[in-house]
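Everything below belongs to work_20.cif, which stores mmCIF, C-alpha atoms.
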```
data_protein
#
loop_
_atom_site.label_atom_id
_atom_site.label_comp_id
_atom_site.auth_asym_id
_atom_site.auth_seq_id
_atom_site.Cartn_x
_atom_site.Cartn_y
_atom_site.Cartn_z
CA MET A 30 18.70 -202.37 -14.71
CA LYS A 31 16.05 -200.08 -13.22
CA LYS A 32 15.78 -202.21 -10.08
CA ILE A 33 19.58 -202.23 -9.74
CA ALA A 34 19.70 -198.43 -10.12
CA PHE A 35 17.04 -198.00 -7.46
CA ALA A 36 18.81 -200.38 -5.10
CA LEU A 37 22.15 -198.64 -5.60
CA ALA A 38 20.57 -195.25 -5.00
CA ALA A 39 18.97 -196.54 -1.82
CA VAL A 40 22.31 -197.87 -0.56
CA LEU A 41 24.04 -194.57 -1.31
CA GLY A 42 21.18 -192.57 0.23
CA LEU A 43 20.45 -190.78 -3.02
CA SER A 44 17.08 -189.42 -4.11
CA VAL A 45 15.52 -191.08 -7.13
CA SER A 46 12.98 -188.99 -9.00
CA MET A 47 9.87 -190.64 -10.38
CA ALA A 48 10.34 -188.60 -13.55
CA HIS A 49 13.93 -189.86 -13.89
CA ALA A 50 12.73 -193.43 -13.48
CA GLY A 51 10.43 -192.96 -16.44
CA ASP A 52 7.38 -193.75 -14.36
CA LYS A 53 4.16 -191.90 -13.84
CA ILE A 54 4.42 -188.68 -11.82
CA ARG A 55 1.71 -188.71 -9.16
CA ILE A 56 0.57 -185.17 -8.37
CA GLY A 57 -1.61 -184.41 -5.36
CA THR A 58 -4.03 -181.49 -5.18
CA GLU A 59 -6.69 -180.42 -2.71
CA GLY A 60 -9.75 -180.27 -4.94
CA ALA A 61 -11.57 -177.62 -2.88
CA TYR A 62 -10.00 -174.33 -3.98
CA PRO A 63 -11.61 -173.12 -7.22
CA PRO A 64 -10.65 -171.90 -9.72
CA PHE A 65 -7.25 -173.38 -8.92
CA ASN A 66 -8.40 -176.86 -8.04
CA GLY A 67 -11.79 -178.50 -7.67
CA ILE A 68 -13.70 -181.71 -8.32
CA ASP A 69 -16.39 -181.83 -11.00
CA LYS A 70 -19.68 -183.79 -10.91
CA ASP A 71 -17.92 -186.80 -12.43
CA GLY A 72 -15.30 -186.83 -9.67
CA LYS A 73 -12.53 -185.48 -11.91
CA ALA A 74 -10.07 -182.82 -10.77
CA PHE A 75 -10.07 -179.52 -12.66
CA GLY A 76 -8.66 -176.01 -12.37
CA PHE A 77 -5.60 -173.85 -12.97
CA ASP A 78 -3.34 -176.06 -10.82
CA VAL A 79 -4.49 -179.18 -12.67
CA ASP A 80 -3.96 -177.59 -16.09
CA ILE A 81 -0.51 -176.38 -15.07
CA ALA A 82 0.42 -179.83 -13.69
CA ASN A 83 -0.65 -181.52 -16.93
CA ALA A 84 1.23 -178.95 -19.02
CA LEU A 85 4.38 -179.49 -16.97
CA CYS A 86 4.13 -183.26 -17.34
CA ALA A 87 3.66 -182.88 -21.09
CA GLU A 88 6.73 -180.63 -21.25
CA MET A 89 8.73 -183.24 -19.29
CA LYS A 90 7.33 -186.00 -21.53
CA ALA A 91 6.09 -187.78 -18.43
CA GLU A 92 2.74 -189.40 -17.69
CA CYS A 93 0.83 -187.43 -15.10
CA GLU A 94 -1.64 -188.86 -12.56
CA ILE A 95 -3.68 -186.32 -10.61
CA ILE A 96 -4.63 -187.52 -7.12
CA ALA A 97 -7.57 -185.64 -5.59
CA PRO A 98 -9.38 -184.66 -3.48
CA LEU A 99 -6.92 -184.44 -0.59
CA ASP A 100 -7.33 -183.00 2.88
CA TRP A 101 -5.41 -179.71 3.07
CA ASP A 102 -4.25 -180.20 6.64
CA SER A 103 -2.51 -183.49 5.82
CA ILE A 104 -1.52 -182.92 2.20
CA LEU A 105 2.20 -182.65 2.98
CA ILE A 106 2.05 -185.71 5.23
CA GLY A 107 0.81 -187.70 2.24
CA LEU A 108 3.72 -186.36 0.18
CA LYS A 109 6.27 -187.40 2.80
CA LYS A 110 4.63 -190.85 3.01
CA LYS A 111 5.10 -191.18 -0.78
CA LYS A 112 1.40 -191.38 -1.59
CA TYR A 113 2.24 -188.96 -4.42
CA ASP A 114 5.42 -187.37 -5.75
CA ALA A 115 4.53 -183.67 -5.79
CA VAL A 116 1.86 -181.26 -4.59
CA VAL A 117 0.44 -178.74 -7.06
CA ALA A 118 -2.23 -177.09 -4.93
CA SER A 119 -1.62 -173.34 -4.82
CA MET A 120 0.69 -173.83 -1.85
CA SER A 121 2.53 -170.80 -0.49
CA ILE A 122 6.27 -171.18 -0.09
CA THR A 123 6.91 -170.52 3.60
CA GLU A 124 9.93 -171.00 5.84
CA GLU A 125 7.92 -173.35 8.05
CA ARG A 126 6.92 -175.61 5.15
CA LYS A 127 10.49 -175.57 3.80
CA LYS A 128 11.54 -177.40 6.94
CA ALA A 129 9.42 -180.35 5.82
CA VAL A 130 9.54 -180.27 1.99
CA ASP A 131 11.38 -178.64 -0.89
CA PHE A 132 9.76 -176.24 -3.35
CA THR A 133 10.22 -175.37 -6.99
CA GLU A 134 10.51 -171.82 -8.19
CA PRO A 135 7.15 -170.00 -7.97
CA TYR A 136 4.59 -170.63 -10.70
CA TYR A 137 2.41 -167.70 -9.64
CA SER A 138 2.22 -164.87 -7.09
CA ASN A 139 -0.57 -163.87 -4.74
CA ASN A 140 -1.79 -161.09 -2.44
CA LEU A 141 -4.30 -161.26 0.39
CA THR A 142 -7.56 -159.33 0.29
CA LEU A 143 -10.55 -158.60 2.51
CA VAL A 144 -14.04 -159.58 1.38
CA ALA A 145 -17.25 -158.31 2.98
CA LYS A 146 -20.92 -157.82 2.10
CA LYS A 147 -21.64 -154.86 -0.15
CA GLY A 148 -22.79 -151.85 1.83
CA SER A 149 -21.64 -153.31 5.15
CA SER A 150 -20.25 -151.11 7.89
CA VAL A 151 -17.05 -153.15 8.17
CA ASP A 152 -14.07 -150.82 8.46
CA PRO A 153 -10.73 -152.48 7.55
CA ALA A 154 -8.98 -150.09 9.94
CA ASN A 155 -11.13 -151.10 12.91
CA LEU A 156 -12.09 -154.78 13.03
CA ALA A 157 -12.27 -155.20 16.81
CA GLY A 158 -15.13 -157.51 17.74
CA LYS A 159 -15.77 -158.64 14.16
CA ALA A 160 -15.99 -162.31 13.17
CA VAL A 161 -13.19 -162.78 10.65
CA GLY A 162 -12.74 -165.98 8.67
CA ALA A 163 -9.93 -167.65 6.73
CA GLN A 164 -8.93 -171.13 5.61
CA ARG A 165 -6.93 -172.96 8.24
CA ALA A 166 -3.16 -173.53 7.79
CA THR A 167 -2.76 -170.78 5.18
CA ILE A 168 -1.06 -167.39 4.87
CA ALA A 169 -4.52 -165.83 5.28
CA ALA A 170 -5.08 -167.70 8.57
CA ASN A 171 -1.69 -166.56 9.83
CA TYR A 172 -2.60 -162.98 8.98
CA VAL A 173 -5.89 -163.22 10.88
CA THR A 174 -4.35 -164.74 14.01
CA ASP A 175 -1.09 -162.78 14.02
CA GLU A 176 -1.97 -159.36 12.64
CA LEU A 177 -5.62 -158.69 13.46
CA LYS A 178 -6.17 -157.82 17.09
CA ASP A 179 -9.34 -158.30 19.13
CA VAL A 180 -11.21 -160.14 16.35
CA ASP A 181 -13.22 -163.34 16.62
CA ALA A 182 -11.11 -165.57 14.38
CA LYS A 183 -12.96 -168.36 12.54
CA LEU A 184 -10.74 -170.85 10.71
CA TYR A 185 -12.14 -173.33 8.19
CA ASP A 186 -10.99 -176.66 6.77
CA THR A 187 -11.66 -175.48 3.20
CA GLN A 188 -11.98 -172.17 1.39
CA GLU A 189 -15.42 -173.24 0.18
CA ASN A 190 -16.71 -173.58 3.76
CA ALA A 191 -15.34 -170.12 4.55
CA TYR A 192 -17.31 -168.73 1.60
CA LEU A 193 -20.46 -170.47 2.83
CA ASP A 194 -20.22 -168.83 6.26
CA LEU A 195 -19.53 -165.42 4.72
CA ALA A 196 -22.53 -165.79 2.41
CA SER A 197 -24.79 -166.85 5.30
CA GLY A 198 -23.66 -163.99 7.55
CA ARG A 199 -21.95 -166.16 10.15
CA ILE A 200 -18.78 -164.12 9.67
CA ASP A 201 -18.44 -160.40 8.96
CA LEU A 202 -15.30 -160.54 6.89
CA LEU A 203 -13.16 -163.04 4.99
CA VAL A 204 -9.41 -162.77 4.62
CA SER A 205 -8.56 -164.65 1.44
CA ASP A 206 -6.05 -165.08 -1.31
CA LYS A 207 -7.07 -162.47 -3.85
CA LEU A 208 -7.29 -164.71 -6.91
CA PRO A 209 -9.78 -167.32 -5.70
CA ALA A 210 -11.80 -164.54 -4.04
CA TYR A 211 -11.85 -162.68 -7.38
CA ASP A 212 -13.30 -165.80 -8.98
CA TRP A 213 -15.88 -166.26 -6.19
CA LEU A 214 -17.11 -162.65 -6.50
CA ARG A 215 -17.96 -163.39 -10.13
CA ASN A 216 -20.25 -166.33 -9.37
CA GLU A 217 -23.83 -166.24 -8.12
CA GLN A 218 -23.01 -166.80 -4.45
CA GLY A 219 -20.53 -163.94 -4.39
CA GLN A 220 -22.65 -161.33 -6.17
CA GLY A 221 -23.57 -159.46 -2.99
CA PHE A 222 -19.98 -159.13 -1.78
CA GLU A 223 -16.94 -157.03 -2.61
CA PHE A 224 -13.30 -156.38 -1.84
CA ILE A 225 -12.80 -153.77 0.88
CA GLY A 226 -9.63 -151.88 1.62
CA ASP A 227 -6.35 -152.38 -0.20
CA ALA A 228 -4.79 -155.68 -1.22
CA ILE A 229 -2.29 -156.92 1.36
CA ASP A 230 1.15 -157.69 -0.08
CA VAL A 231 2.65 -160.53 1.96
CA ASN A 232 5.23 -161.51 -0.70
CA ASP A 233 3.27 -164.71 -1.25
CA LYS A 234 4.89 -166.97 -3.85
CA ILE A 235 3.21 -170.22 -4.88
CA GLY A 236 5.34 -173.28 -5.64
CA ILE A 237 5.24 -177.03 -6.22
CA ALA A 238 6.19 -179.10 -3.18
CA VAL A 239 8.36 -182.20 -3.51
CA ARG A 240 9.99 -184.42 -0.92
CA LYS A 241 13.23 -183.30 0.68
CA LYS A 242 16.27 -184.08 -1.46
CA ASP A 243 14.21 -184.99 -4.51
CA ASP A 244 16.38 -182.49 -6.36
CA GLU A 245 16.09 -184.12 -9.77
CA LEU A 246 12.30 -183.92 -9.87
CA ARG A 247 12.35 -180.38 -8.47
CA GLU A 248 14.77 -179.22 -11.17
CA LYS A 249 12.76 -180.96 -13.89
CA PHE A 250 9.71 -179.01 -12.72
CA ASN A 251 11.74 -175.78 -12.64
CA ALA A 252 12.91 -176.29 -16.22
CA ALA A 253 9.38 -177.15 -17.34
CA ILE A 254 7.91 -174.03 -15.66
CA LYS A 255 10.39 -171.85 -17.55
CA ALA A 256 9.62 -173.67 -20.80
CA ILE A 257 5.82 -173.32 -20.65
CA VAL A 258 6.18 -169.63 -19.78
CA ALA A 259 8.52 -169.12 -22.74
CA ASN A 260 6.46 -171.08 -25.29
CA GLY A 261 3.13 -169.44 -24.43
CA THR A 262 1.44 -172.47 -22.85
CA TYR A 263 1.33 -170.77 -19.45
CA ALA A 264 -0.31 -167.64 -20.90
CA LYS A 265 -3.05 -169.72 -22.56
CA ILE A 266 -3.86 -171.44 -19.25
CA ASN A 267 -3.73 -168.10 -17.41
CA GLU A 268 -6.19 -166.53 -19.87
CA LYS A 269 -8.62 -169.39 -19.33
CA TYR A 270 -9.09 -168.31 -15.70
CA PHE A 271 -8.04 -164.65 -15.37
CA PRO A 272 -8.05 -161.58 -17.64
CA PHE A 273 -4.67 -160.53 -16.22
CA SER A 274 -1.32 -162.24 -15.66
CA ILE A 275 -0.78 -163.97 -12.34
CA TYR A 276 2.78 -165.13 -13.04
#
```

When written as structure tokens, how does the structure in this file appear?
Amino acid sequence: MKKIAFALAAVLGLSVSMAHAGDKIRIGTEGAYPPFNGIDKDGKAFGFDVDIANALCAEMKAECEIIAPLDWDSILIGLKKKKYDAVVASMSITEERKKAVDFTEPYYSNNLTLVAKKGSSVDPANLAGKAVGAQRATIAANYVTDELKDVDAKLYDTQENAYLDLASGRIDLLVSDKLPAYDWLRNEQGQGFEFIGDAIDVNDKIGIAVRKKDDELREKFNAAIKAIVANGTYAKINEKYFPFSIY
């Protein structure tokens, strides 16, 4: 019957959700954006995104397979090619991305922030001539290239490589999502650095990406997000990573 249902849906041009089919939900994540997603020494994915994905699958009573690490620049291409069914990778919901994929309701919110060496002479109001870094193909990168004038923009394939260049002095300033930068400032590499200036509110909402017209899976995720917020599961995951709510 399952094969017949799939064939009929294909003929009618309907979207068939993996969750509806009762199969494993394959969830892609980057694996290079701690504390949201990373890869441990055993090659296993970890982080806030991974915990949220597993909690959502448990709420939907679906088996969850985490696929990582994935290249950020091509992560949505893999989704469209059906290498996985959803992307849970701290992805900002943007109008440009919505042309290619559909998004759930947000599962957390984010601001941008500026990070520089403690005691540096970097003035957020006058960055002309400064080397300013950000991860490529992100809201932060857009801010650097579109809003900051006369800077030497340095864009990186991963957030971790951006941190490395900031720590080594190859860039003067990093424009970053506030939450991963907050985590980095608490570890050994980030001890000599600090936030400068005010947080930048870009109305950044983070959602789960699914393929266009996969409405059933998207709505199942939406219902599960609401459920784990209501039953306290979300708060427990949040507290594991941050001493304040990010929802």

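Using all atoms listed in the file, the protein and nucleic acid residues lying no more than 8 Å from Lys147 (chain A), apart from those fewer than 3 places from it along its own chain, are Gly221, Phe222 and Glu223 of chain A.
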
Problem - Option closest in space to Gly236 (chain A), from A:Thr123, A:Thr133, A:Thr167, A:Ser150 [counting all atoms listed in the file] - result: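 Closest residue, counting all atoms listed in the file: A:Thr133.
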
Practice task
Any chance you could resolve the PyMOL selection byres ((chain A and resi 154-157) around 8) against this file and give the residues as a list in words?
Solution key: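 What the PyMOL selection byres ((chain A and resi 154-157) around 8) grabs from the file is Val151, Asp152, Pro153, Gly158, Lys159, Leu177, Lys178, Asp179 and Val180 of chain A.
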
Produce the centre coordinates and the three edge lengths, each in Å to one decimal, of the box along x, y and z that contains all listed atoms of region 139-148 of chain A with 5 Å added on each side, as lines of an AutoDock Vina configuration file.
```
center_x = -11.7
center_y = -157.9
center_z = -0.9
size_x = 32.2
size_y = 22.0
size_z = 17.7
```

Practice task
Identify, on the basis of all atoms listed in the file, every residue whose closest approach to region 182-197 of chain A does not exceed 7 Å; exclude the query and any residue fewer than 4 positions from it along the same chain; express the result as number ranges by chain.
Solution key: A: 61-62, 160-165, 170, 173-174, 201-203, 218

So what does the PyMOL selection byres ((chain A and resi 91) around 9) actually pick up in this one, as a compact mmCIF listing (two decimals) with C-alpha atoms, in the frame of the given file?
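Everything below was put into expr06.txt:
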```
# COMPACT_ATOMS: atom_id res chain seq x y z
CA ALA A 48 10.34 -188.60 -13.55
CA GLY A 51 10.43 -192.96 -16.44
CA ASP A 52 7.38 -193.75 -14.36
CA LYS A 53 4.16 -191.90 -13.84
CA ILE A 54 4.42 -188.68 -11.82
CA LEU A 85 4.38 -179.49 -16.97
CA CYS A 86 4.13 -183.26 -17.34
CA ALA A 87 3.66 -182.88 -21.09
CA GLU A 88 6.73 -180.63 -21.25
CA MET A 89 8.73 -183.24 -19.29
CA LYS A 90 7.33 -186.00 -21.53
CA GLU A 92 2.74 -189.40 -17.69
CA CYS A 93 0.83 -187.43 -15.10
```

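Of note, CA of Leu99 (chain A) and CA of Ile168 (chain A) are spaced 18.8 Å apart.
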
Problem - Residue nearest Pro272 (chain A) - candidates A:Leu208, A:Leu141, A:Ile225, A:Ala238, atoms counted: all atoms listed in the file - result: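 The closest residue to Pro272 (chain A) is A:Leu208.
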
Just want the 12 Å neighbourhood of Val130 (chain A), counted on only C-alpha atoms, with same-chain residues fewer than 2 positions away dropped. Output as a PDB file with C-alpha atoms, in the coordinates of the input.
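Full text of result_17.pdb as output:
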```pdb
ATOM      1  CA  ILE A 104      -1.520-182.920   2.200  1.00  0.00           C
ATOM      2  CA  LEU A 105       2.200-182.650   2.980  1.00  0.00           C
ATOM      3  CA  ILE A 106       2.050-185.710   5.230  1.00  0.00           C
ATOM      4  CA  GLY A 107       0.810-187.700   2.240  1.00  0.00           C
ATOM      5  CA  LEU A 108       3.720-186.360   0.180  1.00  0.00           C
ATOM      6  CA  LYS A 109       6.270-187.400   2.800  1.00  0.00           C
ATOM      7  CA  LYS A 110       4.630-190.850   3.010  1.00  0.00           C
ATOM      8  CA  ASP A 114       5.420-187.370  -5.750  1.00  0.00           C
ATOM      9  CA  ALA A 115       4.530-183.670  -5.790  1.00  0.00           C
ATOM     10  CA  VAL A 116       1.860-181.260  -4.590  1.00  0.00           C
ATOM     11  CA  MET A 120       0.690-173.830  -1.850  1.00  0.00           C
ATOM     12  CA  ILE A 122       6.270-171.180  -0.090  1.00  0.00           C
ATOM     13  CA  THR A 123       6.910-170.520   3.600  1.00  0.00           C
ATOM     14  CA  GLU A 124       9.930-171.000   5.840  1.00  0.00           C
ATOM     15  CA  GLU A 125       7.920-173.350   8.050  1.00  0.00           C
ATOM     16  CA  ARG A 126       6.920-175.610   5.150  1.00  0.00           C
ATOM     17  CA  LYS A 127      10.490-175.570   3.800  1.00  0.00           C
ATOM     18  CA  LYS A 128      11.540-177.400   6.940  1.00  0.00           C
ATOM     19  CA  PHE A 132       9.760-176.240  -3.350  1.00  0.00           C
ATOM     20  CA  THR A 133      10.220-175.370  -6.990  1.00  0.00           C
ATOM     21  CA  GLY A 236       5.340-173.280  -5.640  1.00  0.00           C
ATOM     22  CA  ILE A 237       5.240-177.030  -6.220  1.00  0.00           C
ATOM     23  CA  ALA A 238       6.190-179.100  -3.180  1.00  0.00           C
ATOM     24  CA  VAL A 239       8.360-182.200  -3.510  1.00  0.00           C
ATOM     25  CA  ARG A 240       9.990-184.420  -0.920  1.00  0.00           C
ATOM     26  CA  LYS A 241      13.230-183.300   0.680  1.00  0.00           C
ATOM     27  CA  LYS A 242      16.270-184.080  -1.460  1.00  0.00           C
ATOM     28  CA  ASP A 243      14.210-184.990  -4.510  1.00  0.00           C
ATOM     29  CA  ASP A 244      16.380-182.490  -6.360  1.00  0.00           C
ATOM     30  CA  ARG A 247      12.350-180.380  -8.470  1.00  0.00           C
TER      31      ARG A 247
END
```

Handout entry: Distance criterion (all atoms listed in the file): nearest to Tyr263 (chain A) out of A:Ile96, A:Ile68, A:Ala82, A:Leu214
Key =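 When distances to Tyr263 (chain A) are compared using all atoms listed in the file, the smallest one comes from A:Ala82.
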